[in-house]
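Colleague: So that you have it, the file is upload-v2.txt, and it contains compact mmCIF, C-alpha atoms:
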```txt
# COMPACT_ATOMS: atom_id res chain seq x y z
CA MET A 67 -6.24 18.71 -2.04
CA ASP A 68 -7.96 21.84 -3.19
CA ASP A 69 -6.42 25.28 -3.41
CA ILE A 70 -7.43 26.37 0.10
CA GLN A 71 -6.09 23.22 1.72
CA LEU A 72 -2.83 23.58 -0.20
CA CYS A 73 -2.43 27.17 0.97
CA LYS A 74 -3.11 26.21 4.59
CA GLU A 75 -0.59 23.37 4.44
CA ILE A 76 2.03 25.59 2.80
CA THR A 77 1.49 28.21 5.50
CA ARG A 78 1.83 25.61 8.26
CA LEU A 79 5.05 24.24 6.76
CA LYS A 80 6.47 27.74 6.33
CA LYS A 81 5.88 28.45 10.02
CA GLU A 82 7.63 25.22 11.00
CA LEU A 83 10.49 26.05 8.65
CA GLN A 84 10.74 29.57 10.05
CA LYS A 85 11.19 28.13 13.55
CA LEU A 86 14.09 26.04 12.31
CA LEU A 87 15.58 28.92 10.35
CA SER A 88 15.56 31.09 13.47
CA ILE A 89 18.09 28.71 15.05
CA PRO A 90 21.68 29.72 14.24
CA ASP A 91 23.41 27.22 11.93
CA ASN A 92 26.06 26.47 14.57
CA ASP A 93 23.38 25.38 17.04
CA LYS A 94 21.42 23.16 14.63
CA SER A 95 21.57 19.42 15.02
CA ASN A 96 21.70 17.06 12.06
CA GLU A 97 18.05 16.27 12.74
CA ASP A 98 17.16 19.99 12.51
CA LYS A 99 18.99 20.25 9.18
CA GLN A 100 17.18 17.20 7.85
CA LYS A 101 13.80 18.59 8.97
CA GLU A 102 14.67 21.87 7.27
CA GLU A 103 15.39 20.05 4.00
CA GLU A 104 12.23 17.97 4.33
CA PHE A 105 10.08 21.08 4.91
CA LEU A 106 11.61 22.72 1.84
CA LYS A 107 10.87 19.64 -0.28
CA GLN A 108 7.28 19.43 0.99
CA ILE A 109 6.69 23.15 0.38
CA HIS A 110 8.13 22.84 -3.11
CA LYS A 111 5.88 19.86 -3.87
CA LEU A 112 2.77 21.67 -2.59
CA VAL A 113 3.61 24.84 -4.51
CA GLU A 114 3.93 22.80 -7.70
CA ALA A 115 0.54 21.18 -7.02
CA ARG A 116 -1.03 24.59 -6.44
CA ASP A 117 0.57 25.96 -9.60
CA PHE A 118 -0.95 23.08 -11.54
CA LEU A 119 -4.41 23.90 -10.14
CA VAL A 120 -4.02 27.59 -10.97
CA ASP A 121 -2.84 26.78 -14.51
CA ASP A 122 -5.77 24.42 -14.97
CA VAL A 123 -8.26 27.06 -13.87
CA GLU A 124 -6.65 29.63 -16.17
CA PHE A 125 -6.80 27.18 -19.09
CA GLU A 126 -10.50 26.56 -18.44
CA ARG A 127 -11.17 30.30 -18.22
CA LEU A 128 -9.48 30.91 -21.57
CA ARG A 129 -11.28 27.94 -23.16
CA GLU A 130 -14.64 29.22 -21.96
CA ARG A 131 -13.86 32.72 -23.25
CA GLU A 132 -13.06 31.23 -26.67
CA GLU A 133 -16.30 29.22 -26.61
CA ASP A 134 -18.22 32.41 -25.75
CA LYS A 135 -16.66 34.19 -28.74
CA GLU A 136 -17.51 31.29 -31.05
CA MET A 137 -21.09 31.20 -29.78
CA ALA A 138 -21.46 34.97 -30.25
CA GLU A 139 -20.20 34.68 -33.83
CA PHE A 140 -22.53 31.74 -34.48
CA LEU A 141 -25.53 33.64 -33.12
CA LYS A 142 -24.65 36.70 -35.18
CA SER A 143 -24.52 34.56 -38.30
CA LYS A 144 -27.90 32.96 -37.53
CA LEU A 145 -29.83 36.12 -36.60
CA PRO A 146 -31.59 37.96 -39.42
CA LYS A 147 -29.67 41.02 -40.57
CA SER A 148 -32.43 43.39 -39.44
CA SER A 149 -32.29 42.00 -35.87
CA GLN A 150 -28.53 42.49 -35.67
CA THR A 151 -28.71 46.22 -36.30
CA LYS A 152 -31.65 46.85 -33.94
CA ASN A 153 -30.82 47.53 -30.29
CA VAL A 154 -27.24 46.29 -30.57
CA GLY A 155 -25.47 47.23 -27.35
CA ARG A 156 -28.41 49.28 -26.08
CA ARG A 157 -30.31 48.56 -22.91
CA PRO A 158 -33.99 49.41 -22.60
CA PRO A 159 -34.81 52.46 -20.49
CA ARG A 160 -35.11 51.76 -16.76
CA ALA A 161 -38.91 52.01 -16.87
CA GLN A 162 -39.11 49.28 -19.51
CA GLN A 163 -36.84 46.81 -17.73
CA ASN A 164 -38.56 43.79 -16.23
CA THR A 165 -37.79 43.38 -12.52
CA THR A 166 -38.68 39.67 -12.37
CA PRO A 167 -36.13 37.13 -13.58
CA PHE A 168 -36.79 36.06 -17.16
CA ALA A 169 -35.88 32.41 -16.55
CA THR A 170 -38.39 32.03 -13.72
CA LYS A 171 -41.22 33.54 -15.73
CA THR A 172 -40.34 31.42 -18.73
CA GLY A 173 -40.02 28.27 -16.62
CA LEU A 174 -43.44 28.74 -15.03
CA THR A 175 -44.98 29.48 -18.38
CA LEU A 176 -43.50 26.31 -19.84
CA LEU A 177 -44.73 24.19 -16.93
CA LYS A 178 -48.20 25.67 -17.12
CA GLU A 179 -48.40 25.02 -20.85
CA CYS A 180 -46.85 21.56 -20.46
CA CYS A 181 -49.12 20.03 -17.85
CA GLY A 182 -51.03 22.71 -15.96
CA PHE A 183 -48.79 22.67 -12.88
CA THR A 184 -49.28 18.94 -12.28
CA CYS A 185 -45.84 18.07 -13.58
CA SER A 186 -43.69 15.80 -11.42
CA ILE A 187 -40.83 18.30 -11.78
CA MET A 188 -42.55 20.61 -9.37
```
Write the structure described by the file as structure tokens, please.

Modeller:
Amino acid sequence: MDDIQLCKEITRLKKELQKLLSIPDNDKSNEDKQKEEEFLKQIHKLVEARDFLVDDVEFERLREREEDKEMAEFLKSKLPKSSQTKNVGRRPPRAQQNTTPFATKTGLTLLKECCGFTCSIM
């Protein structure tokens, strides 16, 4: 189950449990008490599964952040010293910014140079 399905199932079980909890204890049958316990166990199990998913996502986020830092340090070490001090943290003025995506322009240029737009990739 993914996170959304888990949340939906937890919500459904909580509603069922709420119905049973609205019955006074004196009026509950043994079956009602057993259902109540079963709903609590199922909710607990689903919450643990969701917690695991959330923890896993958080771990991946932190790992990726660490990889980004390592890559930034690596790139800084590989760039010539003069390039590191030029334009660090500065954006070009609005008039100089390119409005077309860089990757698209680069990709088309590479395909054109590669095989003159006859490539099977296209």

Colleague: Just want the 12 Å neighbourhood of Ile109 (chain A), counted on only C-alpha atoms, with same-chain residues fewer than 5 positions away dropped. Output as a list of chain:residue names.

Modeller: A:Leu72, A:Cys73, A:Lys74, A:Glu75, A:Ile76, A:Thr77, A:Arg78, A:Leu79, A:Lys80, A:Lys81, A:Glu82, A:Leu83, A:Glu102, A:Glu103, A:Glu104, A:Glu114, A:Ala115, A:Arg116

Colleague: Find the distance between CA of Arg127 (chain A) and CA of Asp69 (chain A) and write it in Å to one decimal.

Modeller: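 Taking CA of Arg127 (chain A) and CA of Asp69 (chain A), their separation equals 16.3 Å.
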
Colleague: Could you tell me how far CA of Leu106 (chain A) sits from CA of Pro90 (chain A), in Å to one decimal place?

Modeller: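 Value for the CA of Pro90 (chain A)-CA of Leu106 (chain A) distance: 17.4 Å.
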
Colleague: How far is it from CA of Gln71 (chain A) to CA of Gln84 (chain A), in Å with one decimal?

Modeller: 19.8 Å

Colleague: May I ask which of the residues A:His110, A:Phe105, A:Glu132, A:Ile70 is the closest one to Leu87 (chain A), counting only C-alpha atoms?

Modeller: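 Once distances to Leu87 (chain A) are computed over only C-alpha atoms, the minimum belongs to A:Phe105.
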